[in-house]
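As stored in run-v7.txt (compact mmCIF, C-alpha atoms):
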# COMPACT_ATOMS: atom_id res chain seq x y z
CA PHE A 1 113.40 -88.17 80.12
CA VAL A 2 113.36 -86.29 76.81
CA ALA A 3 111.48 -89.19 75.19
CA GLU A 4 109.04 -89.21 78.12
CA SER A 5 108.56 -85.44 77.77
CA ILE A 6 107.80 -85.80 74.06
CA SER A 7 105.31 -88.56 74.91
CA VAL A 8 103.53 -86.42 77.51
CA LEU A 9 103.36 -83.52 75.04
CA ALA A 10 101.93 -85.88 72.40
CA ILE A 11 99.28 -87.21 74.82
CA PHE A 12 98.45 -83.66 75.89
CA SER A 13 98.08 -82.60 72.23
CA ILE A 14 95.99 -85.62 71.24
CA LEU A 15 93.57 -85.10 74.11
CA PHE A 16 93.18 -81.44 73.23
CA TYR A 17 92.65 -82.42 69.58
CA ILE A 18 89.82 -84.75 70.69
CA ILE A 19 88.20 -82.00 72.76
CA TYR A 20 88.70 -79.27 70.15
CA ASN A 21 87.24 -81.35 67.33
CA HIS A 22 84.25 -82.49 69.42
CA LEU A 23 84.98 -86.20 69.09
CA PHE A 24 82.24 -87.18 71.48
CA GLU A 25 82.82 -90.89 71.04
CA TYR A 26 85.52 -90.33 73.68
CA LYS A 27 84.05 -90.13 77.15
CA TYR A 28 86.35 -87.32 78.25
CA ALA A 29 85.29 -85.02 75.37
CA TRP A 30 81.61 -85.86 75.84
CA GLN A 31 81.74 -85.43 79.61
CA HIS A 32 83.59 -82.10 79.74
CA SER A 33 82.83 -80.15 76.54
CA SER A 34 80.16 -79.09 74.10
CA ARG A 35 79.93 -77.48 70.67
CA SER A 36 78.74 -74.16 72.13
CA LEU A 37 81.96 -73.44 74.05
CA GLU A 38 84.45 -70.80 72.95
CA VAL A 39 87.99 -71.99 72.18
CA LYS A 40 89.36 -70.67 75.48
CA TYR A 41 86.79 -72.72 77.36
CA LEU A 42 87.65 -75.78 75.31
CA LEU A 43 91.10 -75.38 76.80
CA ALA A 44 89.56 -75.20 80.29
CA CYS A 45 87.72 -78.47 79.48
CA PHE A 46 91.12 -80.11 79.39
CA TRP A 47 91.72 -79.70 83.12
CA GLU A 48 88.13 -79.91 84.29
CA GLY A 49 88.51 -83.67 84.68
CA GLN A 50 90.97 -85.50 86.89
CA GLU A 51 92.80 -87.09 83.95
CA GLY A 52 93.45 -83.75 82.25
CA SER A 53 94.60 -82.20 85.53
CA PHE A 54 97.13 -84.97 86.06
CA LEU A 55 98.33 -84.57 82.47
CA LEU A 56 98.76 -80.83 83.02
CA TRP A 57 100.73 -81.54 86.18
CA SER A 58 102.87 -84.07 84.32
CA PHE A 59 103.43 -81.58 81.49
CA TRP A 60 104.81 -79.01 83.93
CA HIS A 61 107.09 -81.65 85.48
CA CYS A 62 108.47 -82.30 82.01
CA VAL A 63 109.16 -78.62 81.39
CA LEU A 64 110.83 -78.17 84.79
CA GLY A 65 112.74 -81.44 84.52
CA LEU A 66 114.19 -80.39 81.17
CA MET A 67 115.27 -77.11 82.78
CA VAL A 68 117.00 -79.03 85.58
CA ILE A 69 118.76 -81.25 83.04
CA LYS A 70 119.95 -78.19 81.11
CA THR A 71 121.15 -76.16 84.11
CA GLU A 72 122.13 -78.58 86.89
CA LYS A 73 125.31 -80.65 86.80
CA HIS A 74 126.18 -81.70 90.36
CA PHE A 75 122.73 -82.75 91.63
CA GLU A 76 121.14 -83.66 88.28
CA VAL A 77 120.93 -87.42 88.84
CA PRO A 78 119.30 -87.43 92.31
CA VAL A 79 116.94 -84.54 91.51
CA MET A 80 115.85 -86.11 88.23
CA THR A 81 115.36 -89.46 89.99
CA VAL A 82 112.80 -87.76 92.25
CA VAL A 83 111.14 -86.02 89.27
CA SER A 84 111.03 -89.26 87.27
CA PHE A 85 109.55 -91.18 90.20
CA MET A 86 106.84 -88.55 90.54
CA GLN A 87 106.16 -88.83 86.80
CA LEU A 88 105.69 -92.57 87.28
CA ILE A 89 103.16 -91.92 90.06
CA LEU A 90 101.26 -89.41 87.89
CA ALA A 91 101.32 -91.83 84.95
CA THR A 92 99.50 -94.43 87.07
CA MET A 93 96.72 -91.86 87.53
CA VAL A 94 96.04 -91.64 83.79
CA ALA A 95 96.80 -95.22 82.82
CA GLY A 96 93.43 -96.63 83.86
CA ILE A 97 94.85 -100.08 84.54
CA SER A 98 92.78 -102.71 86.38
CA PHE A 99 94.28 -105.19 88.84
CA PHE A 100 91.94 -107.99 89.92
CA GLY A 101 88.90 -105.74 89.58
CA TRP A 102 90.54 -102.72 91.22
CA LYS A 103 90.94 -99.82 88.80
CA MET A 104 93.96 -97.58 89.23
CA GLY A 105 93.53 -94.15 87.67
CA ALA A 106 91.33 -93.19 84.74
CA ASN A 107 92.26 -93.25 81.08
CA PRO A 108 91.18 -90.09 79.22
CA PHE A 109 90.99 -92.01 75.93
CA VAL A 110 88.25 -94.50 76.83
CA LEU A 111 85.33 -94.68 74.44
CA LEU A 112 81.88 -93.71 75.62
CA ARG A 113 80.42 -97.04 74.44
CA ASN A 114 82.88 -98.95 76.65
CA GLU A 115 82.06 -96.92 79.75
CA MET A 116 78.29 -96.56 79.58
CA ASN A 117 75.65 -99.24 79.23
CA ALA A 118 72.90 -97.60 77.18
CA PRO A 119 70.62 -98.88 74.40
CA ILE A 120 71.96 -96.25 72.00
CA PHE A 121 75.22 -98.19 71.65
CA SER A 122 73.45 -101.21 70.13
CA ASN A 123 72.87 -99.10 67.01
CA PRO A 124 75.86 -99.22 64.59
CA ASN A 125 75.32 -95.52 63.78
CA TYR A 126 75.22 -94.39 67.40
CA LEU A 127 77.76 -91.62 66.71
CA SER A 128 75.25 -89.79 64.55
CA MET A 129 72.90 -89.71 67.56
CA ILE A 130 75.44 -88.04 69.86
CA GLN A 131 74.99 -84.44 68.76
CA ASP A 132 76.62 -82.64 71.66
CA GLY A 133 78.61 -83.16 74.83
CA ASN A 134 77.67 -82.78 78.47
CA ASP A 135 79.20 -79.25 78.56
CA LEU A 136 81.71 -77.58 80.83
CA ASN A 137 80.57 -76.89 84.37
CA PRO A 138 79.01 -73.38 84.27
CA LEU A 139 81.15 -72.31 87.25
CA LEU A 140 84.25 -73.01 85.15
CA GLN A 141 83.07 -70.96 82.17
CA ASN A 142 85.11 -67.99 83.24
CA TYR A 143 88.32 -66.70 81.67
CA TRP A 144 90.08 -67.04 85.04
CA MET A 145 89.61 -70.81 84.77
CA VAL A 146 91.73 -70.71 81.64
CA ILE A 147 94.53 -68.97 83.57
CA HIS A 148 94.22 -70.09 87.20
CA PRO A 149 94.66 -73.92 86.95
CA PRO A 150 97.77 -73.92 84.71
CA VAL A 151 99.46 -71.39 87.00
CA LEU A 152 98.57 -73.34 90.13
CA PHE A 153 99.66 -76.64 88.59
CA LEU A 154 102.97 -75.03 87.61
CA GLY A 155 103.32 -74.05 91.26
CA PHE A 156 102.44 -77.57 92.44
CA ALA A 157 104.89 -79.10 89.99
CA SER A 158 107.68 -76.68 90.86
CA VAL A 159 107.62 -77.55 94.58
CA LEU A 160 108.95 -80.96 93.58
CA ILE A 161 112.28 -79.46 92.50
CA PRO A 162 113.33 -78.09 95.94
CA PHE A 163 112.16 -81.38 97.44
CA GLY A 164 114.36 -83.16 94.86
CA TYR A 165 117.32 -81.07 95.98
CA ALA A 166 116.62 -81.96 99.62
CA VAL A 167 116.59 -85.66 98.67
CA ALA A 168 119.78 -85.05 96.66
CA GLY A 169 121.43 -83.59 99.77
CA LEU A 170 120.53 -86.73 101.74
CA TRP A 171 121.54 -88.97 98.85
CA THR A 172 124.99 -87.39 98.36
CA GLN A 173 125.45 -86.56 102.07
CA ASP A 174 126.03 -82.94 101.08
CA TRP A 175 124.09 -81.52 104.00
CA LYS A 176 124.45 -77.85 103.05
CA GLY A 177 125.38 -77.74 99.35
CA TRP A 178 121.88 -78.56 98.11
CA THR A 179 120.36 -75.44 99.70
CA LYS A 180 122.00 -72.95 97.32
CA PRO A 181 120.52 -74.39 94.08
CA ALA A 182 117.22 -75.19 95.83
CA LEU A 183 116.60 -71.64 97.05
CA PRO A 184 115.80 -70.05 93.64
CA TRP A 185 113.42 -72.93 92.89
CA SER A 186 111.73 -72.44 96.28
CA LEU A 187 111.29 -68.72 95.60
CA PHE A 188 109.95 -69.51 92.12
CA SER A 189 107.44 -71.98 93.62
CA ALA A 190 106.29 -69.51 96.25
CA GLY A 191 105.95 -66.76 93.63
CA VAL A 192 103.98 -68.90 91.19
CA LEU A 193 101.67 -70.31 93.88
CA GLY A 194 101.13 -66.81 95.25
CA LEU A 195 100.31 -65.54 91.75
CA GLY A 196 97.93 -68.47 91.21
CA ILE A 197 96.09 -67.76 94.45
CA MET A 198 95.98 -64.03 93.72
Can you present the structure in this file as structure tokens?
Amino acid sequence: FVAESISVLAIFSILFYIIYNHLFEYKYAWQHSSRSLEVKYLLACFWEGQEGSFLLWSFWHCVLGLMVIKTEKHFEVPVMTVVSFMQLILATMVAGISFFGWKMGANPFVLLRNEMNAPIFSNPNYLSMIQDGNDLNPLLQNYWMVIHPPVLFLGFASVLIPFGYAVAGLWTQDWKGWTKPALPWSLFSAGVLGLGIM
């Protein structure tokens, strides 16, 4: 899980590097950012798209999962099994794998030339012709959009932990013991989601 967490952090960092440095040959950077955006809005570009949102969600699962590993002893295995399974589901959303013509998820690292059929890509110097990106949605160019989504996604991710404890109670047939460690996580989730909505 630690190796997976490092991998998610690396993917998160690489995608932000692509957006921050305006590498518009990547479809995600071209589609969601532009050179005119302030740095805080470049961060908001990260979660404007579905792929970035799923990566943000996965990042919070990593943070919370590492906290569970550090603090929980009795229910660690069943809770982390639930967290790891959810990470697998989220990973399918950003893998962009095709099965017999059916595409599962979307890869944030696809190149623009591989996704769009335009005459510009027949020119070997097409990158010099892409001067700017498509820009961030004007409705999202607000400082609250830098704060609101990460807080809400932390809330979404944190609800998985009490659910993991409930599954752990079923798994270990400890019908009441799981409630005590799950309660602080439930209160944390409610508090974070309430803060995100506020």
Range 36-103 of chain A near range 110-128 of chain A within 12 Å: what's each residue's closest atom pair and its distance in Å to one decimal, counting all atoms listed in the file, ordered by chain then ascending residue number, as a tab-separated table?
residue	atom	partner	partner_atom	distance
A:Glu51	CA	A:Val110	CA	11.2
A:Val94	CA	A:Val110	CA	10.8
A:Ala95	CA	A:Val110	CA	10.5
A:Gly96	CA	A:Val110	CA	9.0
A:Ile97	CA	A:Val110	CA	11.6
Keeping C-alpha atoms, export the residues of the selection given above as a short mmCIF file (atom, residue, chain, number, x, y, z; two decimals), in the coordinates of the input.
data_model
loop_
_atom_site.label_atom_id
_atom_site.label_comp_id
_atom_site.auth_asym_id
_atom_site.auth_seq_id
_atom_site.Cartn_x
_atom_site.Cartn_y
_atom_site.Cartn_z
CA GLU A 51 92.80 -87.09 83.95
CA VAL A 94 96.04 -91.64 83.79
CA ALA A 95 96.80 -95.22 82.82
CA GLY A 96 93.43 -96.63 83.86
CA ILE A 97 94.85 -100.08 84.54
#
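Of note, CA of Trp178 in chain A and CA of Val192 in chain A are spaced 21.5 Å apart.
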Item checked: Shortest interatomic distance to Gln87 in chain A - which of A:Ile130, A:Val151, A:Ala157, A:Ala190, counting all atoms listed in the file -> A:Ala157
Next item on the list: Would you please work out which residue, of A:Ser58, A:Gln31, A:Asn134, A:Asn142, is nearest to Leu9 in chain A when using only C-alpha atoms?
Entry: A:Ser58
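Comparing the minimum interatomic distances between Leu23 in chain A and each of A:Met104, A:Phe46, A:Arg35, A:Asn137, counting only C-alpha atoms, we find that A:Arg35 sits nearest.
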Note to self: Neighbouring residues of Gln141 in chain A were defined as those with any atom within 12 Å, considering all atoms listed in the file; residues of the same chain fewer than 2 positions away were excluded. Please report them as a PyMOL selection string.
What the structure shows: chain A and resi 32-34+36-45+48+135-139+143-147
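When all atoms listed in the file are used to measure the gap to Leu55 in chain A, the shortest distance among A:Ala91, A:Leu170, A:Leu152, A:Met198 belongs to A:Ala91.
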Next item on the list: Name the residues within 12 Å of (99.8, -81.2, 88.2), counting only C-alpha atoms in the file's coordinates, and put them as a ChimeraX atom specification.
Entry: /A:47,50-64,86-87,89-91,93-94,149-160
Next item on the list: Identify the residues within 8 Å of coordinate (114.8, -82.5, 95.9) (same frame as the file), considering all atoms listed in the file, and give the answer as a ChimeraX atom specification.
Entry: /A:78-79,82,160-169,182
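Interatomic distance, CA of Ile197 in chain A against CA of Pro184 in chain A: 19.9 Å.
CA of Ile69 in chain A sits 18.1 Å away from CA of Ser189 in chain A.
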